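J.: target-v1.tsv is reproduced below (TSV, C-alpha atoms).
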chain	number	residue	atom	x	y	z
A	3	MET	CA	11.35	26.50	-27.74
A	4	ILE	CA	12.08	25.79	-24.11
A	5	TYR	CA	10.16	28.89	-23.05
A	6	TRP	CA	7.04	27.64	-24.82
A	7	LYS	CA	7.41	24.26	-23.10
A	8	ILE	CA	7.80	25.94	-19.71
A	9	PHE	CA	4.71	27.99	-20.41
A	10	ILE	CA	2.65	24.90	-21.32
A	11	ALA	CA	4.01	22.88	-18.39
A	12	PHE	CA	2.67	25.43	-15.92
A	13	PHE	CA	-0.30	26.82	-17.80
A	14	ILE	CA	-2.11	23.45	-17.65
A	15	PRO	CA	-1.69	22.90	-13.87
A	16	GLY	CA	-2.68	26.53	-13.30
A	17	ILE	CA	-5.87	26.31	-15.29
A	18	VAL	CA	-7.09	22.85	-14.20
A	19	GLY	CA	-5.75	23.00	-10.64
A	20	TYR	CA	-8.97	23.52	-8.73
A	21	GLY	CA	-8.71	23.60	-4.95
A	22	GLY	CA	-5.67	25.83	-4.48
A	23	GLY	CA	-1.93	25.22	-4.75
A	24	PRO	CA	-1.70	21.66	-3.40
A	25	ALA	CA	-4.15	20.45	-6.05
A	26	SER	CA	-1.60	21.44	-8.67
A	27	ILE	CA	1.29	19.38	-7.22
A	28	PRO	CA	0.41	16.15	-9.07
A	29	LEU	CA	-0.39	18.11	-12.23
A	30	VAL	CA	3.02	19.78	-12.17
A	31	GLU	CA	4.61	16.37	-11.56
A	32	ASN	CA	2.81	15.00	-14.58
A	33	GLU	CA	4.20	17.77	-16.81
A	34	VAL	CA	7.78	18.04	-15.58
A	35	VAL	CA	8.49	14.36	-14.79
A	36	GLU	CA	6.33	12.32	-17.13
A	37	ARG	CA	5.87	14.58	-20.12
A	38	PHE	CA	8.96	16.76	-20.46
A	39	ASN	CA	11.40	14.56	-18.49
A	40	TRP	CA	13.02	17.58	-16.88
A	41	MET	CA	13.31	15.82	-13.54
A	42	THR	CA	13.33	12.30	-12.10
A	43	VAL	CA	10.82	11.35	-9.42
A	44	SER	CA	13.52	11.68	-6.76
A	45	GLU	CA	14.62	15.12	-8.00
A	46	PHE	CA	10.99	16.17	-7.92
A	47	SER	CA	10.62	14.85	-4.39
A	48	GLU	CA	13.72	16.75	-3.22
A	49	MET	CA	12.37	19.92	-4.73
A	50	LEU	CA	8.97	19.35	-3.15
A	51	ALA	CA	10.62	18.77	0.23
A	52	MET	CA	12.51	22.01	-0.08
A	53	ALA	CA	9.41	23.84	-1.23
A	54	ASN	CA	7.43	22.44	1.70
A	55	ALA	CA	10.11	23.55	4.13
A	56	LEU	CA	9.98	27.11	2.82
A	57	PRO	CA	7.15	29.56	3.33
A	58	GLY	CA	4.91	30.96	0.61
A	59	PRO	CA	2.55	29.51	-1.99
A	60	ILE	CA	3.62	26.08	-3.23
A	61	ALA	CA	2.54	26.32	-6.89
A	62	THR	CA	4.59	29.42	-7.66
A	63	LYS	CA	7.63	28.14	-5.77
A	64	MET	CA	7.65	25.04	-7.98
A	65	ALA	CA	7.04	27.05	-11.15
A	66	GLY	CA	9.71	29.59	-10.29
A	67	PHE	CA	12.30	26.98	-9.46
A	68	ILE	CA	11.68	24.56	-12.33
A	69	GLY	CA	11.41	27.46	-14.76
A	70	PHE	CA	14.77	28.73	-13.50
A	71	GLN	CA	16.39	25.32	-13.89
A	72	GLN	CA	15.16	24.93	-17.45
A	73	GLY	CA	15.45	28.46	-18.75
A	74	GLY	CA	17.19	30.77	-16.28
A	75	ILE	CA	15.62	33.95	-15.01
A	76	ILE	CA	13.37	34.29	-18.05
A	77	GLY	CA	12.28	30.68	-17.64
A	78	SER	CA	11.49	31.34	-14.01
A	79	PHE	CA	9.44	34.37	-14.97
A	80	ILE	CA	7.53	32.43	-17.63
A	81	GLY	CA	6.80	29.53	-15.28
A	82	VAL	CA	5.40	31.85	-12.64
A	83	PHE	CA	3.50	33.92	-15.20
A	84	ALA	CA	1.86	30.79	-16.67
A	85	THR	CA	0.87	29.65	-13.18
A	86	VAL	CA	-0.49	32.95	-11.93
A	87	ALA	CA	-1.75	34.98	-14.86
A	88	PRO	CA	-4.59	32.86	-16.31
A	89	SER	CA	-6.43	32.39	-13.03
A	90	LEU	CA	-5.76	35.95	-11.90
A	91	ILE	CA	-7.04	37.40	-15.17
A	92	LEU	CA	-10.12	35.18	-14.84
A	93	MET	CA	-10.56	36.36	-11.27
A	94	ILE	CA	-10.42	40.05	-12.13
A	95	GLY	CA	-12.07	39.87	-15.52
A	96	LEU	CA	-15.04	37.66	-14.71
A	97	LEU	CA	-15.57	39.14	-11.29
A	98	SER	CA	-18.93	40.77	-11.81
A	99	LEU	CA	-20.21	37.78	-13.72
A	100	LEU	CA	-19.02	35.25	-11.17
A	101	TYR	CA	-20.29	37.24	-8.23
A	102	LYS	CA	-23.73	36.24	-9.43
A	103	PHE	CA	-22.81	32.57	-9.52
A	104	LYS	CA	-20.57	32.15	-6.54
A	105	ASP	CA	-23.27	30.32	-4.62
A	106	SER	CA	-24.31	28.35	-7.66
A	107	PRO	CA	-24.34	24.62	-6.99
A	108	ARG	CA	-22.77	24.11	-10.41
A	109	VAL	CA	-19.66	26.02	-9.44
A	110	LYS	CA	-19.47	24.16	-6.12
A	111	THR	CA	-20.00	20.82	-7.87
A	112	MET	CA	-16.99	21.53	-10.08
A	113	THR	CA	-14.69	21.58	-7.07
A	114	ALA	CA	-16.41	18.56	-5.53
A	115	LEU	CA	-16.31	16.35	-8.61
A	116	ILE	CA	-12.57	16.58	-9.20
A	117	ARG	CA	-11.55	15.89	-5.60
A	118	PRO	CA	-11.33	12.09	-5.94
A	119	SER	CA	-9.11	12.46	-9.04
A	120	ILE	CA	-6.81	14.88	-7.25
A	121	ALA	CA	-6.68	12.47	-4.30
A	122	ILE	CA	-5.67	9.63	-6.63
A	123	LEU	CA	-2.98	11.76	-8.25
A	124	LEU	CA	-1.54	12.73	-4.87
A	125	GLY	CA	-1.76	9.15	-3.60
A	126	VAL	CA	0.14	7.85	-6.62
A	127	ILE	CA	2.97	10.33	-6.05
A	128	ALA	CA	3.10	9.43	-2.35
A	129	PHE	CA	3.38	5.78	-3.35
A	130	GLN	CA	6.21	6.60	-5.80
A	131	PHE	CA	8.05	8.45	-3.05
A	132	PHE	CA	7.76	5.51	-0.66
A	133	ARG	CA	8.90	3.07	-3.35
A	134	ASN	CA	11.87	5.27	-4.22
A	135	SER	CA	12.85	5.50	-0.61
A	136	TYR	CA	12.57	1.72	-0.25
A	137	PHE	CA	15.01	1.20	-3.13
A	138	SER	CA	17.51	3.84	-2.04
A	139	SER	CA	17.42	3.60	1.77
A	140	GLY	CA	15.99	0.13	2.42
A	141	ALA	CA	12.80	-1.00	4.10
A	142	LEU	CA	13.91	-0.40	7.68
A	143	GLN	CA	14.92	3.27	7.22
A	144	THR	CA	11.87	3.95	5.08
A	145	ILE	CA	9.43	2.56	7.64
A	146	LEU	CA	11.25	4.34	10.46
A	147	LEU	CA	11.16	7.69	8.66
A	148	ILE	CA	7.51	7.26	7.68
A	149	GLY	CA	6.52	6.27	11.21
A	150	VAL	CA	8.42	9.01	13.00
A	151	SER	CA	7.44	11.79	10.59
A	152	PHE	CA	3.78	10.73	10.65
A	153	PHE	CA	3.84	10.73	14.44
A	154	LEU	CA	5.50	14.16	14.63
A	155	LEU	CA	3.36	15.78	11.93
A	156	GLU	CA	-0.04	14.37	12.77
A	157	ARG	CA	0.04	13.49	16.45
A	158	VAL	CA	2.45	15.99	17.99
A	159	LYS	CA	1.62	18.59	15.31
A	160	VAL	CA	5.20	19.67	14.83
A	161	HIS	CA	5.58	22.26	12.07
A	162	PRO	CA	6.44	20.55	8.72
A	163	ALA	CA	9.48	22.78	8.26
A	164	PHE	CA	11.05	21.39	11.44
A	165	VAL	CA	10.24	17.79	10.52
A	166	ILE	CA	11.89	18.26	7.14
A	167	LEU	CA	14.87	19.95	8.75
A	168	GLY	CA	15.12	17.07	11.21
A	169	SER	CA	14.99	14.47	8.45
A	170	LEU	CA	17.71	16.31	6.53
A	171	MET	CA	19.95	16.22	9.59
A	172	TYR	CA	19.13	12.56	10.25
A	173	GLY	CA	19.98	11.74	6.65
A	174	ALA	CA	23.25	13.69	6.69
A	175	ILE	CA	24.40	11.80	9.79
A	176	PHE	CA	22.98	8.29	9.39
A	177	LEU	CA	22.36	7.78	5.69
A	178	GLY	CA	25.43	9.57	4.34
A	179	SER	CA	27.55	6.64	3.40
B	22	MET	CA	2.62	54.95	0.78
B	23	GLN	CA	-0.24	52.75	-0.32
B	24	HIS	CA	2.13	50.76	-2.54
B	25	TRP	CA	4.66	50.32	0.23
B	26	ASN	CA	1.92	49.06	2.56
B	27	LEU	CA	0.64	46.67	-0.11
B	28	PHE	CA	4.15	45.34	-0.57
B	29	LEU	CA	4.70	44.92	3.17
B	30	ALA	CA	1.34	43.23	3.71
B	31	PHE	CA	1.86	40.60	1.03
B	32	PHE	CA	5.55	40.18	1.72
B	33	ARG	CA	4.64	39.17	5.25
B	34	VAL	CA	1.96	36.82	3.96
B	35	GLY	CA	4.44	35.16	1.60
B	36	MET	CA	7.21	34.79	4.16
B	37	LEU	CA	4.98	33.51	6.97
B	38	GLY	CA	2.66	31.29	4.94
B	39	TYR	CA	4.08	27.88	5.70
B	40	GLY	CA	2.30	24.88	4.24
B	41	GLY	CA	1.39	26.24	0.82
B	42	GLY	CA	-1.22	28.63	-0.47
B	43	PRO	CA	-4.27	27.73	1.66
B	44	SER	CA	-2.32	28.31	4.88
B	45	SER	CA	-1.82	31.93	3.85
B	46	ILE	CA	-5.57	32.69	3.77
B	47	PRO	CA	-5.80	33.65	7.48
B	48	LEU	CA	-2.64	35.74	7.10
B	49	VAL	CA	-4.15	37.66	4.19
B	50	HIS	CA	-7.25	38.24	6.28
B	51	LYS	CA	-5.17	39.61	9.15
B	52	GLU	CA	-3.31	42.08	6.94
B	53	VAL	CA	-6.09	43.16	4.61
B	54	VAL	CA	-9.09	43.28	6.92
B	55	GLU	CA	-7.67	43.78	10.42
B	56	LYS	CA	-4.48	45.75	9.92
B	57	TYR	CA	-4.97	47.93	6.84
B	58	LYS	CA	-8.79	47.80	6.64
B	59	TRP	CA	-8.79	47.73	2.85
B	60	LEU	CA	-11.73	45.33	2.85
B	61	SER	CA	-14.65	44.48	5.12
B	62	ASP	CA	-15.15	40.98	6.46
B	63	ASP	CA	-17.98	40.43	3.98
B	64	ASP	CA	-15.87	41.55	1.04
B	65	PHE	CA	-13.13	39.22	2.14
B	66	ALA	CA	-15.52	36.27	2.41
B	67	ASP	CA	-16.84	37.02	-1.08
B	68	ILE	CA	-13.37	37.18	-2.54
B	69	LEU	CA	-12.40	33.92	-0.84
B	70	ALA	CA	-15.53	32.16	-2.10
B	71	LEU	CA	-14.89	33.43	-5.58
B	72	GLY	CA	-11.21	32.56	-5.47
B	73	ASN	CA	-12.10	29.04	-4.39
B	74	SER	CA	-14.42	28.58	-7.33
B	75	LEU	CA	-11.73	29.49	-9.86
B	76	PRO	CA	-8.75	27.29	-10.78
B	77	GLY	CA	-5.12	28.06	-9.96
B	78	PRO	CA	-3.19	28.92	-6.80
B	79	ILE	CA	-5.31	30.68	-4.18
B	80	ALA	CA	-2.62	32.91	-2.63
B	81	THR	CA	-1.79	34.75	-5.84
B	82	LYS	CA	-5.42	35.04	-6.89
B	83	MET	CA	-6.19	36.80	-3.61
B	84	ALA	CA	-3.06	38.97	-3.66
B	85	GLY	CA	-3.66	39.97	-7.27
B	86	TYR	CA	-7.30	40.84	-6.85
B	87	ILE	CA	-6.88	42.72	-3.56
B	88	GLY	CA	-3.88	44.60	-4.97
B	89	PHE	CA	-5.98	45.48	-8.01
B	90	ARG	CA	-8.80	46.73	-5.83
B	91	VAL	CA	-6.54	48.81	-3.61
B	92	SER	CA	-4.54	50.47	-6.35
B	93	GLY	CA	-5.15	49.22	-9.86
B	94	VAL	CA	-2.90	47.20	-12.14
B	95	LEU	CA	0.29	48.39	-10.43
B	96	GLY	CA	-1.14	47.37	-7.07
B	97	MET	CA	-1.93	43.96	-8.52
B	98	LEU	CA	1.63	43.44	-9.77
B	99	ASN	CA	3.04	44.73	-6.51
B	100	ALA	CA	0.98	42.37	-4.34
B	101	VAL	CA	1.59	39.27	-6.49
B	102	LEU	CA	5.34	39.88	-6.70
B	103	ALA	CA	5.59	40.56	-2.96
B	104	THR	CA	3.85	37.23	-2.31
B	105	ILE	CA	6.00	35.04	-4.53
B	106	ILE	CA	9.43	36.57	-5.27
B	107	PRO	CA	11.07	36.21	-1.82
B	108	THR	CA	10.31	32.51	-1.45
B	109	ILE	CA	11.22	31.66	-5.05
B	110	ALA	CA	14.57	33.43	-4.62
B	111	ILE	CA	15.32	31.52	-1.40
B	112	MET	CA	14.37	28.24	-3.04
B	113	ILE	CA	16.60	28.77	-6.09
B	114	VAL	CA	19.59	29.77	-3.95
B	115	LEU	CA	19.11	26.85	-1.53
B	116	ILE	CA	18.72	24.13	-4.11
B	117	THR	CA	21.49	25.33	-6.40
B	118	SER	CA	23.91	25.56	-3.48
B	119	LEU	CA	22.85	22.08	-2.39
B	120	ASN	CA	23.49	20.84	-5.94
B	121	SER	CA	27.12	22.00	-5.85
B	122	PHE	CA	27.66	19.63	-2.89
B	123	ARG	CA	25.85	16.81	-4.66
B	124	ASP	CA	28.77	14.40	-4.52
B	125	GLN	CA	29.19	14.67	-0.76
B	126	PRO	CA	27.83	11.59	1.03
B	127	TRP	CA	26.03	13.66	3.67
B	128	VAL	CA	24.08	15.54	1.00
B	129	ASN	CA	23.10	12.19	-0.45
B	130	GLY	CA	21.92	11.07	2.95
B	131	MET	CA	19.87	14.23	3.34
B	132	THR	CA	18.09	13.82	0.05
B	133	GLN	CA	17.39	10.16	0.81
B	134	ALA	CA	15.94	10.80	4.24
B	135	VAL	CA	13.59	13.56	3.12
B	136	VAL	CA	11.80	11.49	0.46
B	137	PRO	CA	9.65	9.33	2.79
B	138	VAL	CA	8.83	12.39	4.90
B	139	VAL	CA	7.41	14.22	1.89
B	140	GLY	CA	5.65	10.98	1.02
B	141	VAL	CA	3.88	11.14	4.38
B	142	MET	CA	2.84	14.75	3.72
B	143	LEU	CA	1.45	13.82	0.32
B	144	ALA	CA	-0.36	10.84	1.81
B	145	LYS	CA	-1.91	13.19	4.35
B	146	LEU	CA	-3.05	15.53	1.55
B	147	THR	CA	-4.47	12.50	-0.27
B	148	TYR	CA	-6.41	11.59	2.83
B	149	ASP	CA	-7.69	15.18	3.23
B	150	PHE	CA	-8.96	15.23	-0.34
B	151	ILE	CA	-10.67	11.85	0.06
B	152	LYS	CA	-12.29	12.93	3.31
B	153	LYS	CA	-13.60	16.14	1.74
B	154	ALA	CA	-14.76	14.25	-1.33
B	155	LYS	CA	-16.69	11.86	0.91
B	156	VAL	CA	-18.48	14.73	2.62
B	157	SER	CA	-19.63	16.27	-0.64
B	158	LEU	CA	-20.10	13.21	-2.88
B	159	GLY	CA	-20.65	10.27	-0.55
B	160	TRP	CA	-18.59	7.08	-0.42
B	161	LEU	CA	-19.96	5.45	-3.56
B	162	ASN	CA	-19.27	8.37	-5.88
B	163	THR	CA	-15.91	9.07	-4.30
B	164	ILE	CA	-14.80	5.47	-4.84
B	165	LEU	CA	-16.22	5.35	-8.37
B	166	LEU	CA	-14.59	8.62	-9.41
B	167	GLY	CA	-11.35	7.70	-7.66
B	168	ALA	CA	-11.13	4.26	-9.26
B	169	GLY	CA	-12.10	5.68	-12.65
B	170	SER	CA	-9.37	8.33	-12.46
B	171	LEU	CA	-6.80	5.78	-11.32
B	172	ILE	CA	-7.55	3.53	-14.30
B	173	LEU	CA	-7.66	6.35	-16.86
B	174	ILE	CA	-4.61	8.26	-15.64
B	175	GLU	CA	-2.28	5.51	-14.46
B	176	TRP	CA	-3.10	2.60	-16.75
B	177	ALA	CA	-4.66	4.14	-19.83
B	178	GLY	CA	-2.19	7.05	-19.73
B	179	VAL	CA	-4.79	9.78	-20.20
B	180	HIS	CA	-3.51	13.27	-19.31
B	181	PRO	CA	-4.86	14.20	-15.84
B	182	GLY	CA	-5.77	17.64	-17.20
B	183	LEU	CA	-8.20	15.98	-19.63
B	184	VAL	CA	-9.81	13.89	-16.90
B	185	ILE	CA	-10.27	16.94	-14.70
B	186	PHE	CA	-11.52	19.06	-17.60
B	187	ALA	CA	-14.10	16.38	-18.42
B	188	LEU	CA	-15.30	16.33	-14.80
B	189	LEU	CA	-15.59	20.12	-14.77
B	190	LEU	CA	-17.61	19.93	-17.97
B	191	VAL	CA	-19.95	17.37	-16.40
B	192	ALA	CA	-20.46	19.69	-13.43
B	193	LEU	CA	-21.33	22.53	-15.80
B	194	ILE	CA	-23.74	20.79	-18.15
B	195	ARG	CA	-25.43	18.14	-16.07
B	196	PRO	CA	-29.07	18.87	-15.32
B	197	MET	CA	-29.60	20.42	-11.91
B	198	GLY	CA	-32.82	19.29	-10.30
B	199	LYS	CA	-33.11	18.00	-6.80
B	200	LYS	CA	-29.44	17.27	-6.89
B	201	GLY	CA	-28.75	20.97	-6.96
B	202	GLU	CA	-30.57	21.35	-3.67
B	203	LYS	CA	-28.63	18.48	-2.25
B	204	SER	CA	-25.34	19.99	-3.33
B	205	LYS	CA	-26.30	23.30	-1.73
B	206	ALA	CA	-26.82	21.43	1.50
B	207	TYR	CA	-23.43	19.82	1.41
B	208	VAL	CA	-21.77	23.08	0.57
B	209	ARG	CA	-23.20	24.51	3.75
B	210	LYS	CA	-22.14	21.43	5.66
B	211	GLU	CA	-18.65	21.74	4.28
B	212	GLN	CA	-18.29	25.42	5.02
B	213	SER	CA	-19.34	24.93	8.59
B	214	SER	CA	-16.90	22.08	9.11
Just dump the structure as structure tokens.

T.:
Amino acid sequence: MIYWKIFIAFFIPGIVGYGGGPASIPLVENEVVERFNWMTVSEFSEMLAMANALPGPIATKMAGFIGFQQGGIIGSFIGVFATVAPSLILMIGLLSLLYKFKDSPRVKTMTALIRPSIAILLGVIAFQFFRNSYFSSGALQTILLIGVSFFLLERVKVHPAFVILGSLMYGAIFLGS
Amino acid sequence: MQHWNLFLAFFRVGMLGYGGGPSSIPLVHKEVVEKYKWLSDDDFADILALGNSLPGPIATKMAGYIGFRVSGVLGMLNAVLATIIPTIAIMIVLITSLNSFRDQPWVNGMTQAVVPVVGVMLAKLTYDFIKKAKVSLGWLNTILLGAGSLILIEWAGVHPGLVIFALLLVALIRPMGKKGEKSKAYVRKEQSS
């Protein structure tokens, strides 16, 4: 039954994840951490870090990896299929119909209305990550890492992959005890 | 030859698209419009607009549809797989090899240090979504919808999918009078920003 669970876990984020891949991050977290208990928050955060450091679409990377962990190659395939297929089929199938409505305010309102909810979901995960870090690495390291990575990412505009790489090296040297 | 080009185009998009799906949009444009000339600029804009109004990851929606348009169902499969397979394979290999060193203290340190960094990235995404929400909905609605979602999802334990589905339903069925005009205006504002 694991394959069915994998399908459900990724079908829901795929079909309600308006606003591209990042909008589905908190929805995936809700399925794999809260509902199916496949991962802890810190395992999820490690995976997300890795996924952020690698190129390519984020939603399918998560689906492919978690699917693989839970159900091998077939699981990986099912996770990706559940993420990609519904919206792609909609895209191709309803094309002519939606072409007529693509400027419709209703369709635009749909994306607009769910933004605050997605923001809340993302904010809650960010908060969980900070709390986790506080408990495992202490307040000083957490604040230092937050401060430096914020500065590098947002002010200096260093590529996220390098910031993540840097933090991995920092952790291996200074937090590995 | 067409299939090989499709594969190459979307393989490059997948491997170079750092920062998730949306960051691959300009890369798709470069390959599909500028390099291979499969689509005109207008076609591309239409596909992007359409892709944005449907749920699910944007990169695979674009790859799938453009592949389909260039060479049918096989083209669709080709483009989607070229976008996603390489990065999924790298990810599985990297994390499983990291897991076999799990007991090493330095691996522990690595996984500890990366958590707050990802937290910062998520906080930034949160901020982006709030900022965009403010542009289209105004402060009052953004705060109301945000607070409502927080209460329902975090304290009442409602599935986020249900909350989002309900909001989508509201967008579909609510009467569109003057508000429709207003929303058209903000859409323009948003697109130009």

J.: Can you pull out the residues contacting stretch 184-198 of chain B? Cut-off 7 Å, using only C-alpha atoms, and skip same-chain residues under 3 positions away; I want them as a PyMOL selection string.

T.: (chain A and resi 18+108+111-112+115-116) or (chain B and resi 180-181+201)

J.: Just give me the gap between atom CA of A:Ile120 and atom CA of B:Ile111 in Å, one decimal is fine.

T.: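 Separation of atom CA of A:Ile120 and atom CA of B:Ile111: 28.3 Å.
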
J.: Fewer than 4 positions away in the same chain doesn't count, so skip those; otherwise give me all residues within 7 Å of B:Leu75, counting only C-alpha atoms, as a list in words.

T.: Tyr20 and Ser89 of chain A; Leu71 of chain B

J.: Emit as JSON the padded axis-aligned box for all listed atoms of stretch 152-165 of chain B, 6 Å per side, with centre and edge lengths in Å to one decimal.

T.:
{"center_x": -16.5, "center_y": 10.8, "center_z": -2.5, "size_x": 20.4, "size_y": 22.9, "size_z": 23.7}

J.: List as an MDAnalysis selection string: which residues have an atom within 12 Å of (-2.8, 23.1, -3.6), counting all atoms listed in the file?

T.: (chainID A and resid 15:16 18:30 54 58:64 117 120:121 124) or (chainID B and resid 40:45 73 76:81 143 146:147 149:150)
